[in-house]
Amino acid sequence: MKIASKIHPRDGKPRTHVVHGTTYKFAPTQDRNGEIHFVADVANPDHGALFMRNGSFYHFDDDLQVPPLTRIAPPAPAAPPSPPAPAADSTSNPLLTQFDQAVLDEAGALVAGSMTTIGTAIGSVSGAPVVLAALAIEKAKESPRKSVLELLEKTVDGLRAAGLLSDKP
């Protein structure tokens, strides 16, 4: 029977346990779900029962194990980068008429990035109007990103709370 250890060495190397003079090597084994288990083949049923009584071991089901000769398909090629978003201007969205083109350009560059990029860059924008314009640009998108909207709205709330932005948008 196959027994797996709940204890996984940090270095990922196999670990050994000795039961009544028999050494069992618990080696990393990947299951069908991609999870790593440290598994040993325990032929002696008494030794298996001893492992199972210890709370640090469990039965490893052979049906979960990936066959050793399974070939993994090569990764799919990366999607080509999407074209940069067109610069926002006041003619494409009437809500943006309150901002000058320099603010719109900076806000457009801000929301063109990923959530991580936006989160990093938002602290270095030139001013509160850029954040407001970025929020308006994101809201005007065909598919606005909820996480980006939430980040920009919380930033606007923070700017208002700090007195850096009036209650009027």
# chains A, B, ... in the order shown; residues from 1 in each chain; ligands from 1

$ residues_around --residues "Leu135 of chain A" --least-positions-apart "6" --cutoff "9 Å" --atoms "only C-alpha atoms" --output "NGL selection string"
:A and (107 or 111 or 148-149 or 152-153 or 156)

$ write_last_selection --atoms "N, CA, C and O atoms" --output "PDB file, in the first residue's frame"
ATOM      1  N   ALA A 107      -3.878  59.828 -17.094  1.00  0.00           N
ATOM      2  CA  ALA A 107      -4.891  58.907 -16.572  1.00  0.00           C
ATOM      3  C   ALA A 107      -5.050  57.700 -17.498  1.00  0.00           C
ATOM      4  O   ALA A 107      -5.190  56.565 -17.042  1.00  0.00           O
ATOM      5  N   VAL A 111      -4.560  53.671 -16.364  1.00  0.00           N
ATOM      6  CA  VAL A 111      -5.539  52.582 -16.444  1.00  0.00           C
ATOM      7  C   VAL A 111      -5.247  51.600 -17.569  1.00  0.00           C
ATOM      8  O   VAL A 111      -5.902  50.568 -17.666  1.00  0.00           O
ATOM      9  N   VAL A 148     -10.192  47.354 -10.485  1.00  0.00           N
ATOM     10  CA  VAL A 148      -9.593  48.660 -10.787  1.00  0.00           C
ATOM     11  C   VAL A 148     -10.542  49.769 -10.342  1.00  0.00           C
ATOM     12  O   VAL A 148     -10.110  50.753  -9.735  1.00  0.00           O
ATOM     13  N   LEU A 149     -11.831  49.595 -10.621  1.00  0.00           N
ATOM     14  CA  LEU A 149     -12.810  50.596 -10.173  1.00  0.00           C
ATOM     15  C   LEU A 149     -12.768  50.738  -8.658  1.00  0.00           C
ATOM     16  O   LEU A 149     -12.767  51.852  -8.133  1.00  0.00           O
ATOM     17  N   LEU A 152      -9.573  52.629  -7.592  1.00  0.00           N
ATOM     18  CA  LEU A 152      -9.648  54.058  -7.917  1.00  0.00           C
ATOM     19  C   LEU A 152     -10.674  54.766  -7.024  1.00  0.00           C
ATOM     20  O   LEU A 152     -10.429  55.880  -6.559  1.00  0.00           O
ATOM     21  N   GLU A 153     -11.821  54.111  -6.774  1.00  0.00           N
ATOM     22  CA  GLU A 153     -12.834  54.729  -5.909  1.00  0.00           C
ATOM     23  C   GLU A 153     -12.315  54.897  -4.478  1.00  0.00           C
ATOM     24  O   GLU A 153     -12.544  55.923  -3.840  1.00  0.00           O
ATOM     25  N   VAL A 156      -9.937  57.805  -4.456  1.00  0.00           N
ATOM     26  CA  VAL A 156     -10.679  59.071  -4.457  1.00  0.00           C
ATOM     27  C   VAL A 156     -11.230  59.344  -3.055  1.00  0.00           C
ATOM     28  O   VAL A 156     -11.130  60.468  -2.552  1.00  0.00           O
TER      29      VAL A 156
END

$ residues_around --residues "segment 22-39 of chain A" --least-positions-apart "6" --cutoff "8 Å" --atoms "only C-alpha atoms" --output "tab-separated table (two decimals) with N, CA and C atoms, in the first residue's frame"
chain	number	residue	atom	x	y	z
A	2	LYS	N	0.35	2.32	-0.48
A	2	LYS	CA	1.10	3.57	-0.53
A	2	LYS	C	0.65	4.44	0.64
A	3	ILE	N	1.64	4.93	1.37
A	3	ILE	CA	1.40	5.80	2.52
A	3	ILE	C	2.10	7.13	2.23
A	4	ALA	N	1.41	8.23	2.54
A	4	ALA	CA	1.98	9.56	2.32
A	4	ALA	C	2.18	10.26	3.66
A	5	SER	N	3.21	11.06	3.72
A	5	SER	CA	3.53	11.83	4.91
A	5	SER	C	2.93	13.23	4.80
A	6	LYS	N	2.32	13.71	5.88
A	6	LYS	CA	1.80	15.07	5.90
A	6	LYS	C	2.92	16.09	6.06
A	7	ILE	N	4.08	15.61	6.48
A	7	ILE	CA	5.22	16.49	6.69
A	7	ILE	C	6.01	16.56	5.39
A	8	HIS	N	6.14	17.75	4.86
A	8	HIS	CA	6.86	17.96	3.61
A	8	HIS	C	8.15	18.71	3.91
A	12	GLY	N	12.31	19.82	-0.29
A	12	GLY	CA	11.64	19.02	-1.30
A	12	GLY	C	12.29	17.67	-1.55
A	13	LYS	N	13.31	17.33	-0.79
A	13	LYS	CA	14.01	16.06	-0.98
A	13	LYS	C	13.28	14.95	-0.23
A	14	PRO	N	13.46	13.69	-0.69
A	14	PRO	CA	12.83	12.56	-0.01
A	14	PRO	C	13.27	12.49	1.44
A	15	ARG	N	12.40	11.93	2.29
A	15	ARG	CA	12.73	11.73	3.70
A	15	ARG	C	12.54	10.25	4.00
A	16	THR	N	13.19	9.78	5.01
A	16	THR	CA	13.10	8.36	5.35
A	16	THR	C	12.56	8.19	6.76
A	60	PHE	N	-2.34	6.92	0.50
A	60	PHE	CA	-2.28	7.61	-0.79
A	60	PHE	C	-2.98	6.75	-1.82
A	64	LEU	N	-5.04	8.64	-7.74
A	64	LEU	CA	-4.64	10.05	-7.82
A	64	LEU	C	-3.26	10.22	-8.45
A	65	GLN	N	-2.46	9.16	-8.43
A	65	GLN	CA	-1.08	9.29	-8.87
A	65	GLN	C	-0.98	9.47	-10.38
A	66	VAL	N	-0.10	10.34	-10.79
A	66	VAL	CA	0.17	10.55	-12.20
A	66	VAL	C	1.08	9.43	-12.67

$ atom_distance --atom1 "atom CA of Thr155 of chain A" --atom2 "atom CA of Val131 of chain A"
7.6 Å

$ atom_distance --atom1 "atom CA of Arg53 of chain A" --atom2 "atom CA of His17 of chain A"
14.5 Å

$ atom_distance --atom1 "atom CA of Glu106 of chain A" --atom2 "atom CA of Ala161 of chain A"
23.2 Å

$ residues_around --residues "segment 144-147 of chain A" --least-positions-apart "4" --cutoff "12 Å" --atoms "only C-alpha atoms" --output "number ranges by chain"
A: 111-116, 118-119, 134-140, 151-154
